[in-house]
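Heads up, the thing below is written out as structure tokens.
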Amino acid sequence: MTGTINKVLLVEDNPGDALLLREALGDLAGSLSFDLVHVGRLEAALQRIGQETFDAILLDLSLPDAQGVDTVVRMQEAAPRLPIVVLTGLDNDAAALEAMRAGAQDYLVKGQIDGRLLVRAVSYAIERKRTQEEIEQHLSRIIALKDINGALTATLELPAVLKILLEKVGSLMPELCATVKLWDQERSNLDPVACRNLDENEWKAVAADREFEREFIDKVFLSKTSLVVNDVQNDNRVRDHDFYRRHDLNAYLGIPLLVDDQVLGVLSFYAKEEREFTGEKTEFLSALASQASVAIGNSIVHGQVKQLASHLERSNRVKEEFLGVISHELRTPLNVVKGYIELFQNRFFGELTGEQERAFEKIAVQTKNQLAMINSILHAITIESDVAAVHNDEVSLRDFLDGLQETYLPSPDRKLTFEWRYRPELPVVKTDKTKLRYIFYNLINNAVKFTPEGQVSVSAAVLDSSRVTSNDRASEEERIWLQFEVSDTGIGISHEFLPLIFEKFSQVDSSTTRVHGGIGLGLHIVKRCIELLQGTIHVESEPGKGSTFFVRIPCEIWHDTDCRETASGATTIEF
């Protein structure tokens, strides 16, 4: 404090006491210099602090227009940043404590004051107040950073992140202008994207010029370090001073937006009222930029993921539309071919030789396979586009399985046989009959295709479940699980391929020389049908020994039969 001139406002209504205080300070003029301004009333003091700058206040508690602690309160409200040293004629610790709680930095008793004590009290009060303000400012900035971090991480949309960032900067430091430039990878350029306290259109028009602030922005971007430029209006590195002078911008602070050592852009601040950025303010704004970098980086990644998802969705849509159109266009001529083949086989155009009949039989088989493939594609497209609604049909499981069994007969050479295991007493259930038939047909056809000789087995069971009362029926409905297995003794599937067999267009053997045909949609559609029915499917297989598919589908039953048991828990009944 040596050599510093401190301007002190003395609020004292007693001229004698004021003179003694002035003389006490004068005795120590060699060590410290004080410029003492004296007023006799609180109102006069409030008026002076609104017009002049002071370093401290000496305040009497007994004034003509104010008494006691209320004097401190009113002064503190008017000048919250000034340290107050209370003067009183009462040596009262309770009054001193009350004054300190009201905001005073120290408490002196008249008649006990010498020059050294007064100088020390004023000097300490100034330092304590400055330290207190620094602590409060530091705490407020920590809280502000916490609030900013919470606000920035609350959204992943880049425009919202930038808006929140600049609004927070504006609320904390309204005197600053701020701009954000982000790196455009495709154009290899720093694009102006957002600003505050500047006309956005004007700034973007100026900032779009690569030469504008080239010496500042490029240096920050390339060096990955902050840059402070004081007095930008006269700095010789500035190519065009007009923009800064027109907007009264005095100092510049550029901070790189860094994430994992990658520069996303540059956050710039401009001071209007001050001609330089202090180290403390620079440190705080750098911490703010660090938080903003993470939020902006997350937003950029989020935007890239959304864009990629949009491209994938569009690609899938185009693919499905293409498959749908092609499938429809192919099915029409194939149906014509199929019709003419049937006419030839029915001798509509006359008798056929044995060789001709065998040729038409081969054509008929290939046409049937081709139509099956096209129908599978159409079915897959329908399910994937979420237009496949689930219907509730009353299905007699006995009739359903009997009809299924009639479809599959042993091969003429008896190399492939079928085993059906279900009891004749079957309930009538409520489920989607079309999807159920598709699931059975595809699983059985799949087993037949990969079992050139051996056995295909189909077994079924009902798992009893809890009873629920229907609101629209007088009878009580019962929820059950239909469980069935389709197994074969065919070639089996390697364990590494099991996770892939339900994928669209998946083929265990995808070579052009594979023995087994198909386009890899059957099991995919089976799985999607089961999912639409809220069921489950899994497979167990071993190469050379065959495969077994396990399916569970929930449904409702109305007609009780004598086949269900009443044991506790879920009971399995074969039928």
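A note on labels: chains of the structure tokens are A, B, ... as shown, every chain counts residues from 1, and ligands are counted from 1 in their shown order.
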
Report task. List the neighbours of Val228 of chain A out to 8 Å using only C-alpha atoms; skip same-chain residues closer than 5 positions along the sequence, and give me the result as a VMD selection string. Result -> chain A and resid 251 to 254 277

Selection file, N, CA, C and O atoms, as a PDB file, in the first residue's frame:
ATOM      1  N   ALA A 251     -10.768  -4.577 -27.260  1.00  0.00           N
ATOM      2  CA  ALA A 251      -9.836  -5.682 -27.031  1.00  0.00           C
ATOM      3  C   ALA A 251     -10.426  -6.978 -27.575  1.00  0.00           C
ATOM      4  O   ALA A 251     -11.651  -7.137 -27.661  1.00  0.00           O
ATOM      5  N   TYR A 252      -9.534  -7.920 -27.950  1.00  0.00           N
ATOM      6  CA  TYR A 252      -9.948  -9.187 -28.548  1.00  0.00           C
ATOM      7  C   TYR A 252      -9.372 -10.359 -27.763  1.00  0.00           C
ATOM      8  O   TYR A 252      -8.206 -10.329 -27.344  1.00  0.00           O
ATOM      9  N   LEU A 253     -10.209 -11.399 -27.566  1.00  0.00           N
ATOM     10  CA  LEU A 253      -9.764 -12.651 -26.955  1.00  0.00           C
ATOM     11  C   LEU A 253     -10.286 -13.802 -27.808  1.00  0.00           C
ATOM     12  O   LEU A 253     -11.501 -13.973 -27.959  1.00  0.00           O
ATOM     13  N   GLY A 254      -9.370 -14.583 -28.384  1.00  0.00           N
ATOM     14  CA  GLY A 254      -9.752 -15.748 -29.181  1.00  0.00           C
ATOM     15  C   GLY A 254      -9.363 -17.031 -28.467  1.00  0.00           C
ATOM     16  O   GLY A 254      -8.227 -17.176 -28.001  1.00  0.00           O
ATOM     17  N   PHE A 277      -8.102  -7.657 -21.643  1.00  0.00           N
ATOM     18  CA  PHE A 277      -8.689  -8.790 -20.928  1.00  0.00           C
ATOM     19  C   PHE A 277      -7.731  -9.177 -19.805  1.00  0.00           C
ATOM     20  O   PHE A 277      -6.568  -9.506 -20.062  1.00  0.00           O
TER      21      PHE A 277
END

Requested in this report: Name all residues at most 12 Å from Tyr270 of chain A (count only C-alpha atoms; drop same-chain ones fewer than 2 positions away) and give them as a VMD selection string.
Outcome: chain A and resid 169 173 to 180 195 to 198 227 to 233 243 to 245 247 to 255 267 to 268 272 to 277 282 285

Query raised in the report: Which residue, A:Thr278, A:Asn6, A:Gln67, A:Asn14, has the smallest gap to Val37 of chain A when you use only C-alpha atoms?
Result: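 Once distances to Val37 of chain A are computed over only C-alpha atoms, the minimum belongs to A:Asn6.
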
Query - Long-range neighbours of segment 335-346 of chain A as a PyMOL selection string, 10 Å cut-off, only C-alpha atoms, 6 positions minimum in chain - result: chain A and resi 352+356-358+360-361+363-368+371

**Report entry** Surrounding residues of Leu397 of chain A excluding itself and chain neighbours under 4 positions, 9 Å, only C-alpha atoms, as a list in words
**Finding:**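 Here the qualifying residues turn out to be Leu401, Asp402, Leu426, Pro427, Val428 and Val429 of chain A.
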
Take the residues that were just selected and, keeping C-alpha atoms, output them as a tab-separated table (two decimals), in the first residue's frame.
chain	number	residue	atom	x	y	z
A	401	LEU	CA	-52.47	-78.99	-37.80
A	402	ASP	CA	-54.46	-81.73	-39.56
A	426	LEU	CA	-57.19	-79.27	-29.13
A	427	PRO	CA	-58.57	-75.90	-28.00
A	428	VAL	CA	-59.85	-73.14	-30.25
A	429	VAL	CA	-57.60	-70.12	-29.90

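Here the question is which of A:Phe440, A:Ser547, A:Glu211, A:Ser541 gets nearest to Gln483 of chain A using only C-alpha atoms, and that residue is A:Phe440.
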
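Ranking A:Thr434, A:Asn445, A:Asn236, A:Ser188 by their shortest atom-to-atom distance to Glu215 of chain A, with only C-alpha atoms included, puts A:Asn236 first.
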
Report task. Determine the nearest neighbour of Ile493 of chain A from the options A:Ala447, A:Val72, A:Val458, A:Ala207, counting only C-alpha atoms. Result ->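 Using only C-alpha atoms, the shortest distance to Ile493 of chain A belongs to A:Ala447.
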
Query raised in the report: From the list A:Pro80, A:Gly16, A:Gly89, A:Gly544, which residue is nearest Lys110 of chain A when using only C-alpha atoms?
Result: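 Checking each candidate against Lys110 of chain A, we get A:Gly89 as the closest.
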
Report task. As a PyMOL selection string, list the residues of segment 14-167 of chain A assigned to strand (DSSP E or B) by DSSP on the backbone atoms of this structure. Result -> chain A and resi 33-39+56-60+62-63+66-67+84-88+106-109

Query - Polymer residues at most 7 Å from segment 259-262 of chain A, only C-alpha atoms, same-chain spacing of 5 or more positions, as a list in words - result: Ser293, Val294 and Gly297 of chain A

Report task. Would you mind reading off the distance between atom CA of Phe34 of chain A and atom CA of Asp55 of chain A, one decimal, in Å? Result -> 9.8 Å
